[in-house]
Amino acid sequence: MDFNLTREQQMIKKMIKEFAAAEVAPIAEYLDAEAEFPKETVAKLGELGVMGMPFPEEYGGAGADYIAYIMAVEELSKVCASHGVIVQTHNALCCWPIFTYGTEEQKRKYLPDLLSGKKLGAFGLTEPNAGTDAAMQQTKAEDKGDHWLINGSKIFISGGGIAEVYVIMAMTDKSKGTKGISAFIVEKGMPGFSRGKKENKMGIRGSIAAELVFEDCIVPKENLLGELGKGFKVAMTSLDVGRLGIAAQALGIAQGAFDQTVAYMKQRKQFGKTLDKFQALAFEMADMKTRIDSSRLLLYYACNRRQKGLPSTVEAAQAKLACSETAMYVTTKAVQFHGGYGYIKDYPVERMMRDAKITEIYEGTSEVMKMVISGDIFK
Amino acid sequence: MKIIVCVKQVPDTNEVKIDPVKGTLIREGVPSILNHDDANALEEALKIKDENPDTHITVITMGPPQAKEMLQECIAMGADDAVLLSDRALGGSDTWATSNALAAGIRKLGEYDIIFTGRQAIDGDTAQVGPQLAEKLKLPQVTYVREFAMDEGMITVKRALENGYEVLKLKTPCVLTAIKELNCPRYMSVRGIYKAAKFDIKVWNAADIGVDLAKVGLDASPTNVYKSFTPAKKGKGVIVEGDTAKEIADGFISDLKKKHII
């Protein structure tokens with residue numbers, strides 16, 4: 001058992017930390033206020049190889065390991081959770097399924113532009129009536145001989161309208177339930193594919209979420225991703241990878257809010273002494289640090305299993321549950337310890353608390369994580 | 001084109017504290033970084049390589065074995081090769097001795113067109129090693145380079161002065177010392193990092209570079225640190241306020257008169 005970071009991981013952490021401090025921190029407040037997608041910094045992350053980290057160089061990836069990738073999401077999220085989820089959604093939910101289930105032609109066609117960050121990827125599973133109950137897909141894809149005809153809509157899609165390549169789930173045979181769902185690669189600009197309503201979110205406001213609308217959308221025959229009827233598996237296994245990224249995002253938010261609070265407590269004076277001298281508060285900080293570090297160990301453990309090719313579905317669910325609940329706990333306390341200043345937008349902890357909440361919801365809610373974990377206990 | 005970039009690993013001065021009793025830097029737990037001006041020197045070399053991909057960049061430093069980590073980071077930014085001059089005999093060198101060692105290392109490297117260095121290191125702030133190196137290698141030099149252009153082997157640089165700049169033209173080979181205004185250093189790339197971590201960094205000792213041991217190290221150094229201290233803190237400044245410029249000026253003059261300064 002080795003708890004030391006590799007030299008590669010150390011350098012990744014340093015590089016992203018420098019990037020986040022210089023490029024992301026100055027715009028984080030603006031992105032949140034204006035709900036604007038950070039196009040320029042995402043392009044720069046692409047040039048640095050962050051938009052295709054855990055994929056081999058032969059398809060244009062950076063050849064990094066999962067822990068290094070997860071550290072990149074964590075470091076970005078310390079400063080701006082929107083950047084964290086943009087990197088994570090693109091890598092885990094679009095590049096990963098294409099890399100894992102795509103044909104050689106699909107990989108050659110889509111991965112070089114995706115992994116270099118020239119194009120942004122997104123993922124569409126959720127529908128108005130198919131949230132946690134993802135099997136209730138109403139979007140359908142009909143085989144029209146020389147093409148697929150897709151009709152329906154997807155909601156809350158991260159990167160919706162901004163991304164150029166989408167992995168979309170649709171029913172190809174309603175009678176078969178989850179075994180009737182198939183995955184497709186849909187490109188922006190394909191006839192009948194458009195963006196619907198852009199959501200006005202509580203947090204991660206720099207990451208755009210929107211509705212996707214398919215009205216007699218024509219998708220080439222060769223854009224079926226994986227086997228016919230295996231789309232549910234494509235989606236679920238992608239979410240396993242995605243949960244690691246969301247856990248990393250949550251962990252980054254928690255650590256970022258914690259660090260902000262440490263700095264604040266050292267300079268804020270009340271009753272003639274700085275806040276860190278109040279043992280009641282200091283003890284709570286000790287508790288928070290312990291929660292953060294134990295969540296991190298669960299996450300790195302799950303990543304390590306994935307890196308080694310071992311089963312990691314349950315471990316990823318545990319990591320995501322622990323990290324997201326830690327993020328909510330720590331950011332709530334961070335706002336509390338900042339007092340009135342924590343409730344206004346002059347300090348980033350206010351944004352961090354709003355950003356944290358989504359990590360308990362997307363890529364599977366905390367309740368879904370408990371279903372996965374308990375299902376394994378009582379199998 | 002062959003470019004050599006001289007770099008130095010320095011303590012991050014944002015984190016450094018001075019021992020109030022001994023007057024020395026407290027280095028424990030302080031992260032080491034690539035000296036800022038040296039990052040600008042490397043960036044300019046990398047920009048040349050962006051334009052001319054057949055450019056070969058070697059970074060060289062003198063330091064303890066852990067300076068390898070900084071050289072790895074230079075490789076991760078895009079340098080092609082890295083050399084560490086490391087030997088107990090080189091320890092404690094002042095600028096004169098350091099430039100002797102670097103000159104010997106560079107002679108061993110062989111041919112080059114441009115040597116870039118940073119203007120100065122944030123730990124010593126001497127700005128002497130670059131110019132001394134040029135003298136020892138008998139090369140033309142321009143210090144404080146804030147703009148660089150190259151056209152058919154002819155280099156044009158802007159050299160920063162306190163109140164402006166001079167434009168100078170020179171031929172290769174030459175030594176140029178970079179300042180922060182020259183460019184904005186790039187980040188390491190993910191691919192670069194994975195290449196760098198496995199990269200075989202050359203480590204040369206004093207014998208390898210054939211340097212005269214009487215010209216390197218602490219004993220050979222003509223300068224010694226006599227004392228380090230934190231300058232006494234200046235008193236708090238006073239902001240003279242007023243509604244008009246005249247009122248402010250009057251207030252300021254009367255304060256100076258009260259203190260018998262004028």
# chains A, B, ... in the order shown; residues from 1 in each chain; ligands from 1

$ interface_residues --of "chain A" --to "chain B" --cutoff "7 Å" --atoms "only C-alpha atoms" --output "PDB file with all heavy atoms, in the first residue's frame"
ATOM      1  N   ARG A   7       5.474  11.325  -8.940  1.00  0.00           N
ATOM      2  CA  ARG A   7       6.015  12.612  -9.375  1.00  0.00           C
ATOM      3  C   ARG A   7       5.067  13.269 -10.395  1.00  0.00           C
ATOM      4  O   ARG A   7       4.874  14.481 -10.396  1.00  0.00           O
ATOM      5  CB  ARG A   7       7.409  12.373  -9.970  1.00  0.00           C
ATOM      6  CG  ARG A   7       8.124  13.618 -10.403  1.00  0.00           C
ATOM      7  CD  ARG A   7       8.529  14.514  -9.229  1.00  0.00           C
ATOM      8  NE  ARG A   7       9.057  15.761  -9.739  1.00  0.00           N
ATOM      9  CZ  ARG A   7       8.607  16.969  -9.376  1.00  0.00           C
ATOM     10  NH1 ARG A   7       7.673  17.098  -8.468  1.00  0.00           N
ATOM     11  NH2 ARG A   7       9.136  18.052  -9.904  1.00  0.00           N
ATOM     12  N   GLU A   8       4.462  12.440 -11.243  1.00  0.00           N
ATOM     13  CA  GLU A   8       3.504  12.965 -12.222  1.00  0.00           C
ATOM     14  C   GLU A   8       2.327  13.633 -11.504  1.00  0.00           C
ATOM     15  O   GLU A   8       1.921  14.748 -11.861  1.00  0.00           O
ATOM     16  CB  GLU A   8       2.951  11.821 -13.100  1.00  0.00           C
ATOM     17  CG  GLU A   8       3.919  11.267 -14.125  1.00  0.00           C
ATOM     18  CD  GLU A   8       4.755  10.113 -13.583  1.00  0.00           C
ATOM     19  OE1 GLU A   8       4.908  10.000 -12.344  1.00  0.00           O
ATOM     20  OE2 GLU A   8       5.269   9.321 -14.395  1.00  0.00           O
ATOM     21  N   MET A  11       3.247  16.944  -9.989  1.00  0.00           N
ATOM     22  CA  MET A  11       3.385  18.023 -10.975  1.00  0.00           C
ATOM     23  C   MET A  11       2.025  18.464 -11.521  1.00  0.00           C
ATOM     24  O   MET A  11       1.800  19.646 -11.757  1.00  0.00           O
ATOM     25  CB  MET A  11       4.332  17.606 -12.109  1.00  0.00           C
ATOM     26  CG  MET A  11       5.795  17.670 -11.714  1.00  0.00           C
ATOM     27  SD  MET A  11       6.933  17.577 -13.135  1.00  0.00           S
ATOM     28  CE  MET A  11       7.072  15.827 -13.348  1.00  0.00           C
ATOM     29  N   ILE A  12       1.114  17.485 -11.721  1.00  0.00           N
ATOM     30  CA  ILE A  12      -0.240  17.832 -12.185  1.00  0.00           C
ATOM     31  C   ILE A  12      -0.910  18.759 -11.177  1.00  0.00           C
ATOM     32  O   ILE A  12      -1.490  19.790 -11.523  1.00  0.00           O
ATOM     33  CB  ILE A  12      -1.103  16.552 -12.381  1.00  0.00           C
ATOM     34  CG1 ILE A  12      -0.587  15.698 -13.535  1.00  0.00           C
ATOM     35  CG2 ILE A  12      -2.592  16.894 -12.548  1.00  0.00           C
ATOM     36  CD1 ILE A  12      -0.885  16.189 -14.916  1.00  0.00           C
ATOM     37  N   MET A  15       0.663  22.184 -11.366  1.00  0.00           N
ATOM     38  CA  MET A  15       0.312  22.880 -12.606  1.00  0.00           C
ATOM     39  C   MET A  15      -1.117  23.405 -12.556  1.00  0.00           C
ATOM     40  O   MET A  15      -1.383  24.566 -12.861  1.00  0.00           O
ATOM     41  CB  MET A  15       0.517  21.911 -13.775  1.00  0.00           C
ATOM     42  CG  MET A  15       0.147  22.412 -15.127  1.00  0.00           C
ATOM     43  SD  MET A  15      -1.562  22.068 -15.600  1.00  0.00           S
ATOM     44  CE  MET A  15      -1.346  20.729 -16.734  1.00  0.00           C
ATOM     45  N   LEU A  48      -3.557  22.485 -22.715  1.00  0.00           N
ATOM     46  CA  LEU A  48      -2.667  21.878 -21.719  1.00  0.00           C
ATOM     47  C   LEU A  48      -2.882  20.372 -21.576  1.00  0.00           C
ATOM     48  O   LEU A  48      -2.125  19.699 -20.903  1.00  0.00           O
ATOM     49  CB  LEU A  48      -2.855  22.558 -20.357  1.00  0.00           C
ATOM     50  CG  LEU A  48      -2.431  24.025 -20.297  1.00  0.00           C
ATOM     51  CD1 LEU A  48      -2.864  24.654 -18.984  1.00  0.00           C
ATOM     52  CD2 LEU A  48      -0.925  24.160 -20.467  1.00  0.00           C
ATOM     53  N   GLY A  49      -3.945  19.860 -22.199  1.00  0.00           N
ATOM     54  CA  GLY A  49      -4.179  18.410 -22.159  1.00  0.00           C
ATOM     55  C   GLY A  49      -5.181  17.977 -21.103  1.00  0.00           C
ATOM     56  O   GLY A  49      -5.381  16.783 -20.887  1.00  0.00           O
ATOM     57  N   VAL A  50      -5.819  18.947 -20.426  1.00  0.00           N
ATOM     58  CA  VAL A  50      -6.714  18.607 -19.323  1.00  0.00           C
ATOM     59  C   VAL A  50      -8.078  18.100 -19.823  1.00  0.00           C
ATOM     60  O   VAL A  50      -8.795  17.418 -19.099  1.00  0.00           O
ATOM     61  CB  VAL A  50      -6.880  19.831 -18.377  1.00  0.00           C
ATOM     62  CG1 VAL A  50      -7.814  19.524 -17.220  1.00  0.00           C
ATOM     63  CG2 VAL A  50      -5.520  20.267 -17.849  1.00  0.00           C
ATOM     64  N   ALA A  62      -3.911  12.606 -23.138  1.00  0.00           N
ATOM     65  CA  ALA A  62      -2.668  13.008 -22.483  1.00  0.00           C
ATOM     66  C   ALA A  62      -1.980  11.840 -21.793  1.00  0.00           C
ATOM     67  O   ALA A  62      -0.869  11.962 -21.302  1.00  0.00           O
ATOM     68  CB  ALA A  62      -2.950  14.117 -21.480  1.00  0.00           C
ATOM     69  N   GLY A  63      -2.652  10.687 -21.730  1.00  0.00           N
ATOM     70  CA  GLY A  63      -2.023   9.499 -21.141  1.00  0.00           C
ATOM     71  C   GLY A  63      -1.836   9.574 -19.642  1.00  0.00           C
ATOM     72  O   GLY A  63      -0.919   8.980 -19.096  1.00  0.00           O
TER      73      GLY A  63
END

$ select_by_dssp --residues "region 70-315 of chain A" --states "alpha helix (DSSP H)" --output "PyMOL selection string"
chain A and resi 70-79+81-88+96-101+104-115+231-267+279-307+313-315

$ residues_around --residues "Met371 (chain A)" --least-positions-apart "3" --cutoff "12 Å" --atoms "only C-alpha atoms" --output "list in words"
Thr132, Thr313, Val314, Ala317, Gln318, Leu321, Gly364, Thr365, Ser366, Glu367, Val368, Ser374, Gly375, Asp376, Ile377, Phe378 and Lys379 of chain A

$ write_last_selection --atoms "N, CA, C and O atoms" --output "PDB file, in the first residue's frame"
ATOM      1  N   THR A 132     -33.974   9.773 -11.515  1.00  0.00           N
ATOM      2  CA  THR A 132     -33.363   8.583 -10.915  1.00  0.00           C
ATOM      3  C   THR A 132     -33.892   7.320 -11.611  1.00  0.00           C
ATOM      4  O   THR A 132     -33.151   6.364 -11.834  1.00  0.00           O
ATOM      5  N   THR A 313     -17.518   0.204  -8.843  1.00  0.00           N
ATOM      6  CA  THR A 313     -18.836   0.842  -8.789  1.00  0.00           C
ATOM      7  C   THR A 313     -19.226   1.223  -7.361  1.00  0.00           C
ATOM      8  O   THR A 313     -19.643   2.353  -7.108  1.00  0.00           O
ATOM      9  N   VAL A 314     -19.070   0.290  -6.430  1.00  0.00           N
ATOM     10  CA  VAL A 314     -19.468   0.552  -5.044  1.00  0.00           C
ATOM     11  C   VAL A 314     -18.534   1.589  -4.416  1.00  0.00           C
ATOM     12  O   VAL A 314     -18.976   2.529  -3.743  1.00  0.00           O
ATOM     13  N   ALA A 317     -19.362   4.985  -5.602  1.00  0.00           N
ATOM     14  CA  ALA A 317     -20.579   5.475  -4.945  1.00  0.00           C
ATOM     15  C   ALA A 317     -20.273   5.936  -3.520  1.00  0.00           C
ATOM     16  O   ALA A 317     -20.755   6.982  -3.083  1.00  0.00           O
ATOM     17  N   GLN A 318     -19.446   5.176  -2.815  1.00  0.00           N
ATOM     18  CA  GLN A 318     -19.062   5.568  -1.451  1.00  0.00           C
ATOM     19  C   GLN A 318     -18.299   6.891  -1.466  1.00  0.00           C
ATOM     20  O   GLN A 318     -18.537   7.774  -0.648  1.00  0.00           O
ATOM     21  N   LEU A 321     -20.705   9.743  -2.285  1.00  0.00           N
ATOM     22  CA  LEU A 321     -21.566  10.023  -1.124  1.00  0.00           C
ATOM     23  C   LEU A 321     -20.784  10.803  -0.059  1.00  0.00           C
ATOM     24  O   LEU A 321     -21.230  11.840   0.430  1.00  0.00           O
ATOM     25  N   GLY A 364     -26.352  10.849 -10.025  1.00  0.00           N
ATOM     26  CA  GLY A 364     -26.962   9.989  -9.024  1.00  0.00           C
ATOM     27  C   GLY A 364     -27.012  10.708  -7.697  1.00  0.00           C
ATOM     28  O   GLY A 364     -25.984  11.188  -7.209  1.00  0.00           O
ATOM     29  N   THR A 365     -28.201  10.787  -7.104  1.00  0.00           N
ATOM     30  CA  THR A 365     -28.357  11.478  -5.814  1.00  0.00           C
ATOM     31  C   THR A 365     -27.687  10.665  -4.711  1.00  0.00           C
ATOM     32  O   THR A 365     -27.315   9.497  -4.909  1.00  0.00           O
ATOM     33  N   SER A 366     -27.585  11.278  -3.530  1.00  0.00           N
ATOM     34  CA  SER A 366     -27.028  10.546  -2.378  1.00  0.00           C
ATOM     35  C   SER A 366     -27.851   9.294  -2.106  1.00  0.00           C
ATOM     36  O   SER A 366     -27.312   8.257  -1.703  1.00  0.00           O
ATOM     37  N   GLU A 367     -29.163   9.394  -2.364  1.00  0.00           N
ATOM     38  CA  GLU A 367     -30.041   8.232  -2.131  1.00  0.00           C
ATOM     39  C   GLU A 367     -29.682   7.100  -3.099  1.00  0.00           C
ATOM     40  O   GLU A 367     -29.656   5.927  -2.716  1.00  0.00           O
ATOM     41  N   VAL A 368     -29.383   7.462  -4.353  1.00  0.00           N
ATOM     42  CA  VAL A 368     -28.972   6.438  -5.322  1.00  0.00           C
ATOM     43  C   VAL A 368     -27.654   5.809  -4.879  1.00  0.00           C
ATOM     44  O   VAL A 368     -27.462   4.586  -4.981  1.00  0.00           O
ATOM     45  N   SER A 374     -25.903  -0.178  -0.411  1.00  0.00           N
ATOM     46  CA  SER A 374     -26.676  -1.155   0.366  1.00  0.00           C
ATOM     47  C   SER A 374     -26.988  -2.393  -0.481  1.00  0.00           C
ATOM     48  O   SER A 374     -27.012  -3.510   0.036  1.00  0.00           O
ATOM     49  N   GLY A 375     -27.180  -2.163  -1.773  1.00  0.00           N
ATOM     50  CA  GLY A 375     -27.417  -3.289  -2.674  1.00  0.00           C
ATOM     51  C   GLY A 375     -26.249  -4.258  -2.657  1.00  0.00           C
ATOM     52  O   GLY A 375     -26.421  -5.475  -2.769  1.00  0.00           O
ATOM     53  N   ASP A 376     -25.059  -3.708  -2.483  1.00  0.00           N
ATOM     54  CA  ASP A 376     -23.863  -4.550  -2.434  1.00  0.00           C
ATOM     55  C   ASP A 376     -23.756  -5.264  -1.083  1.00  0.00           C
ATOM     56  O   ASP A 376     -23.330  -6.415  -1.014  1.00  0.00           O
ATOM     57  N   ILE A 377     -24.175  -4.558  -0.012  1.00  0.00           N
ATOM     58  CA  ILE A 377     -24.116  -5.183   1.320  1.00  0.00           C
ATOM     59  C   ILE A 377     -25.056  -6.399   1.375  1.00  0.00           C
ATOM     60  O   ILE A 377     -24.688  -7.468   1.855  1.00  0.00           O
ATOM     61  N   PHE A 378     -26.284  -6.213   0.861  1.00  0.00           N
ATOM     62  CA  PHE A 378     -27.305  -7.259   0.996  1.00  0.00           C
ATOM     63  C   PHE A 378     -27.533  -8.033  -0.297  1.00  0.00           C
ATOM     64  O   PHE A 378     -28.649  -8.436  -0.584  1.00  0.00           O
ATOM     65  N   LYS A 379     -26.483  -8.187  -1.061  1.00  0.00           N
ATOM     66  CA  LYS A 379     -26.683  -8.865  -2.355  1.00  0.00           C
ATOM     67  C   LYS A 379     -26.921 -10.369  -2.161  1.00  0.00           C
ATOM     68  O   LYS A 379     -26.530 -10.931  -1.154  1.00  0.00           O
TER      69      LYS A 379
END

$ select_by_dssp --residues "region 88-260 of chain B" --states "strand (DSSP E)" --output "PyMOL selection string"
chain B and resi 114-118+141-151+154-161+164-171+174-178+202-204

$ residues_around --residues "Ile33 (chain B)" --least-positions-apart "6" --cutoff "12 Å" --atoms "only C-alpha atoms" --output "ChimeraX atom specification"
/A:11,14,18 /B:7-15,39,66-74,121-123

$ residues_around --residues "region 334-348 of chain A" --least-positions-apart "5" --cutoff "9 Å" --atoms "only C-alpha atoms" --output "PyMOL selection string"
chain A and resi 28-29+79+257-258+260-261+264-265+268+275+281+329+353

$ closest_residue --among "A:Phe156, A:Phe184, A:Tyr66, A:Phe123" --to "Arg306 (chain A)" --atoms "only C-alpha atoms"
A:Tyr66

$ residues_around --residues "Gly61 (chain A)" --least-positions-apart "5" --cutoff "12 Å" --atoms "only C-alpha atoms" --output "MDAnalysis selection string"
(chainID A and resid 46:56 69 91 95:96 99 107:108 110:117) or (chainID B and resid 189:191 194)

$ atom_distance --atom1 "CA of Leu228 (chain A)" --atom2 "CA of Val87 (chain A)"
28.6 Å

$ residues_around --residues "Ala134 (chain B)" --least-positions-apart "6" --cutoff "12 Å" --atoms "only C-alpha atoms" --output "mmCIF file with C-alpha atoms, in the first residue's frame"
data_model
loop_
_atom_site.group_PDB
_atom_site.id
_atom_site.type_symbol
_atom_site.label_atom_id
_atom_site.label_comp_id
_atom_site.auth_asym_id
_atom_site.auth_seq_id
_atom_site.Cartn_x
_atom_site.Cartn_y
_atom_site.Cartn_z
ATOM 1 C CA CYS B 6 20.250 28.896 -17.267
ATOM 2 C CA TRP B 96 31.817 34.514 -9.530
ATOM 3 C CA SER B 99 29.460 31.541 -13.311
ATOM 4 C CA ASN B 100 32.746 29.609 -13.509
ATOM 5 C CA LEU B 102 28.081 27.249 -15.412
ATOM 6 C CA ALA B 103 30.594 28.367 -18.056
ATOM 7 C CA ILE B 106 28.075 25.134 -21.087
ATOM 8 C CA ILE B 114 21.632 31.867 -27.658
ATOM 9 C CA ILE B 115 22.040 31.598 -23.907
ATOM 10 C CA PHE B 116 19.051 32.937 -22.007
ATOM 11 C CA THR B 117 19.224 33.598 -18.281
ATOM 12 C CA GLN B 128 25.536 39.139 -11.685
ATOM 13 C CA PRO B 140 28.168 39.725 -26.364
ATOM 14 C CA GLN B 141 25.396 40.268 -23.857
ATOM 15 C CA VAL B 142 22.258 42.276 -23.337
ATOM 16 C CA THR B 143 20.706 42.478 -19.889
ATOM 17 C CA PRO B 173 26.004 33.529 -30.178
ATOM 18 C CA CYS B 174 25.084 35.818 -27.327
ATOM 19 C CA VAL B 175 23.789 35.975 -23.753
ATOM 20 C CA LEU B 176 20.460 37.617 -23.003
ATOM 21 C CA THR B 177 19.022 38.137 -19.516
#

$ atom_distance --atom1 "CA of Gly92 (chain B)" --atom2 "CA of Tyr226 (chain B)"
13.7 Å

$ atom_distance --atom1 "CA of Val225 (chain B)" --atom2 "CA of Leu133 (chain B)"
21.1 Å

$ closest_residue --among "A:Lys44, A:Arg296, A:Lys370, A:Lys308" --to "Phe3 (chain A)" --atoms "only C-alpha atoms"
A:Arg296

$ closest_residue --among "B:Leu182, B:Met62, B:Ile239, B:Ile155" --to "Val129 (chain B)" --atoms "only C-alpha atoms"
B:Met62
